[in-house]
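Novice: Structure incoming, see below.
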Amino acid sequence: MPVSEPLVLGIETSCDETGVALVRGYDLLVDAVASSVDEHARFGGIIPEIASRAHLEAMVPTIERALATAEVTLDEVDAIAVTAGPGLVGPLTVGASAAKALAIGLDKPLYGVNHVIGHAVVDELVDGPFPERVMALVVSGGHSSLLLLDDTVHVTELGSTLDDAAGEAFDKVGRLLGLPYPGGPHIDRLAREGNPEAIRFPRGLTAAKDQAKHAADFSFSGLKTAVARWVEARQDAGEELPLADVSASFAAAVADVLTAKTIAACRAHDVRTLVVGGGFSANSQLRELAAARCAEAGIELRIPPIRFCTDNGAMIAALGSAVVRRGMRPSSLEIPVDSSMPLTQVLV
Ligand code: KG4
Ligand code: ZN
């Protein structure tokens with residue numbers, strides 16, 4: 001391992017995972033995660049105050065665990081990277097405060113970086129440095145964005161969801177079907193036993209009239225409503241719900257739209273590499289269709305292992321490493337957190 005590359009400590013706290021990781025160059029030394037997801041389950045969604053307190057409790061132990069596992073001491077750290085946004089303000093503030101304290105205490109530069117870009121760039125730790133241009137589809141409970149990355153850190157936002165994120169749509173349909181929160185993985189499991197062609201659900205923003213303005217945007221709320229209507233009609237008729245078929249048909253609609261629009265964008269911008277990141281990239285239907293359609297289109301598909309797709313510290317350390325490598329200017333110690341940080345802004 002080239003010792004000349006700086007050692008970057010990454011801290012992620014934008015939602016319910018406290019992530020701390022150490023990256024040197026493209027090498028991940030350690031990725032420690034503590035999650036408060038179980039504390040939110042009974043509320044059916046993330047409660048920001050509970051998440052903030054969990055981050056506060058987990059922060060120091062998670063940093064200590066990461067350092068101990070990597071057998072690194074704090075004074076060996078060369079730079080601190082932290083999620084500056086987008087995300088929940090309270091949780092973000094806990095991570096930013098910890099990062100600022102470390103930067104001041106160690107007298108090391110601070111880099112406040114973008115969570116969503118981190119979801120894509122983490123793949124450099126797995127599959128190696130990005131080529132000059134990369135298409136990134138970032139899909140999770142909070143985001144569904146299509147981004148064009150030039151030299152990894154120059155971002156063009158091609159499109160995003162106009163309403164629900166893909167994971168959010170799954171969680172809402174999960175609730176509708178009476179599945180536990182979060183519903184995404186349950187629908188995935190049921191869908192594998194169902195017929196994806198059983199019900200023809202709508203494909204949002206794919207009509208010819210949407211191509212001009214919304215070619216790379218997504219919309220899942222119409223689909224969610226269509227599923228709700230279909231389910232209600234069956235319930236009103238006193239019929240049993242064919243859970244597997246509804247799940248499979250719904251999942252097929254989401255995967256179809258995500259992959260069709262992403263591949264069309266790759267073609268339109270002549271990009272040969274696609275990275276898929278975010279917690280929703282665990283979805284089997286998306287993975288299968290993306291693999292098939294990328295192979296057909298001659299596009300290299302990169303999807304990191306699931307533990308790097310859900311929120312983690314490695315994604316922030318990886319992006320920190322990318323901005324340090326390019327000599328980008330560190331953030332000021334006075335930076336705020338930004339719950340709606342623009343996706344074109346990689347670094348504050
Ligand atoms: O990235 P993530 O862990 O947290 C957010 O930043 O949102 O993503 C979690 C989201 C949830 O909406 C969850 O239901 C969804 O991703 N999800 C899935 C699957 N695994 C996680 N949705 C569908 N199929 C899956 N296998
Ligand atoms: Zn995320």
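Following the order of the structure tokens, chains are lettered A, B, ..., residues in each are numbered from 1, and ligands are numbered from 1.
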So which residues touch Leu22 (chain A) within 7 Å, counting only C-alpha atoms, skipping near sequence neighbours fewer than 6 positions away, as a ChimeraX atom specification?

Specialist: /A:7-10,28-31,317

Novice: Among region 37-246 of chain A, which residues does DSSP mark as strand (DSSP E) when it is run on the backbone? Keep the chain and numbering as in the structure and answer as a PyMOL selection string.

Specialist: chain A and resi 79-85+110-114+133-139+144-150+154-160

Novice: What does the list of residues within 8 Å of ligand 2 look like if you count only C-alpha atoms and all ligand atoms, written as a ChimeraX atom specification?

Specialist: /A:14-15,115-116,119,140-143,278-279,309-311

Novice: To one decimal place, how far is CA of Asp236 (chain A) from CA of Gly178 (chain A) in Å?

Specialist: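 Rounded to one decimal, the two atoms are 15.9 Å apart.
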
Novice: Any chance you could tabulate, as a Markdown table, the residues of chain A at most 9 Å from ligand 1 with each one's nearest atom pair and distance in Å to one decimal, using only C-alpha atoms and all ligand atoms, in chain and rising number order?

Specialist:
```
| residue | atom | partner | partner_atom_place_in_ligand_line | distance |
| --- | --- | --- | --- | --- |
| A:Ser14 | CA | ligand 1 | 6 (O) | 8.0 |
| A:Cys15 | CA | ligand 1 | 6 (O) | 6.5 |
| A:Asp16 | CA | ligand 1 | 4 (O) | 7.9 |
| A:Glu17 | CA | ligand 1 | 3 (O) | 8.2 |
| A:Gly87 | CA | ligand 1 | 6 (O) | 8.3 |
| A:Val116 | CA | ligand 1 | 6 (O) | 8.8 |
| A:His119 | CA | ligand 1 | 1 (O) | 8.4 |
| A:Val138 | CA | ligand 1 | 1 (O) | 8.9 |
| A:Val139 | CA | ligand 1 | 1 (O) | 7.2 |
| A:Ser140 | CA | ligand 1 | 8 (O) | 4.0 |
| A:Gly141 | CA | ligand 1 | 7 (O) | 3.0 |
| A:Gly142 | CA | ligand 1 | 7 (O) | 4.3 |
| A:His143 | CA | ligand 1 | 7 (O) | 6.8 |
| A:Ala165 | CA | ligand 1 | 12 (O) | 7.9 |
| A:Ala166 | CA | ligand 1 | 12 (O) | 7.1 |
| A:Gly167 | CA | ligand 1 | 12 (O) | 3.4 |
| A:Glu168 | CA | ligand 1 | 12 (O) | 4.7 |
| A:Ala169 | CA | ligand 1 | 12 (O) | 7.5 |
| A:Phe170 | CA | ligand 1 | 22 (N) | 5.9 |
| A:Asp171 | CA | ligand 1 | 14 (O) | 5.2 |
| A:Lys172 | CA | ligand 1 | 12 (O) | 8.8 |
| A:Gly174 | CA | ligand 1 | 14 (O) | 8.5 |
| A:Tyr181 | CA | ligand 1 | 14 (O) | 7.5 |
| A:Pro182 | CA | ligand 1 | 14 (O) | 4.6 |
| A:Gly183 | CA | ligand 1 | 14 (O) | 5.2 |
| A:Gly184 | CA | ligand 1 | 14 (O) | 3.3 |
| A:Pro185 | CA | ligand 1 | 25 (C) | 3.9 |
| A:His186 | CA | ligand 1 | 24 (N) | 7.2 |
| A:Ile187 | CA | ligand 1 | 24 (N) | 6.6 |
| A:Asp188 | CA | ligand 1 | 24 (N) | 4.7 |
| A:Arg189 | CA | ligand 1 | 26 (N) | 7.4 |
| A:Ala251 | CA | ligand 1 | 23 (C) | 8.0 |
| A:Gly277 | CA | ligand 1 | 1 (O) | 8.2 |
| A:Gly278 | CA | ligand 1 | 1 (O) | 4.4 |
| A:Gly279 | CA | ligand 1 | 1 (O) | 3.2 |
| A:Phe280 | CA | ligand 1 | 16 (O) | 3.9 |
| A:Ser281 | CA | ligand 1 | 19 (C) | 7.0 |
| A:Ala282 | CA | ligand 1 | 26 (N) | 4.4 |
| A:Asn283 | CA | ligand 1 | 26 (N) | 3.6 |
| A:Ser284 | CA | ligand 1 | 26 (N) | 6.0 |
| A:Gln285 | CA | ligand 1 | 24 (N) | 7.9 |
| A:Leu286 | CA | ligand 1 | 24 (N) | 8.3 |
| A:Ile306 | CA | ligand 1 | 20 (N) | 8.7 |
| A:Cys309 | CA | ligand 1 | 1 (O) | 6.3 |
| A:Thr310 | CA | ligand 1 | 3 (O) | 3.9 |
| A:Asp311 | CA | ligand 1 | 1 (O) | 5.2 |
| A:Asn312 | CA | ligand 1 | 3 (O) | 8.8 |
```

Novice: Given only C-alpha atoms as the basis, pick out the residue of A:Ile316, A:Val271, A:Ala252, A:Ala265 nearest to Leu289 (chain A).

Specialist: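 Of the candidates, the smallest distance to Leu289 (chain A) is held by A:Ala252.
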
Novice: One decimal, Å: what's the distance from CA of Cys266 (chain A) over to CA of Phe218 (chain A), could you say?

Specialist: 15.7 Å

Novice: Set the distance at 8 Å and use only C-alpha atoms: which residues neighbour Ala34 (chain A) once local chain neighbours fewer than 5 positions away are removed? I'd like the list as a list in words.

Specialist: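 Once the adjacent positions are removed, what remains is Glu17, Thr18, Gly19, Ala58 and Thr62 of chain A.
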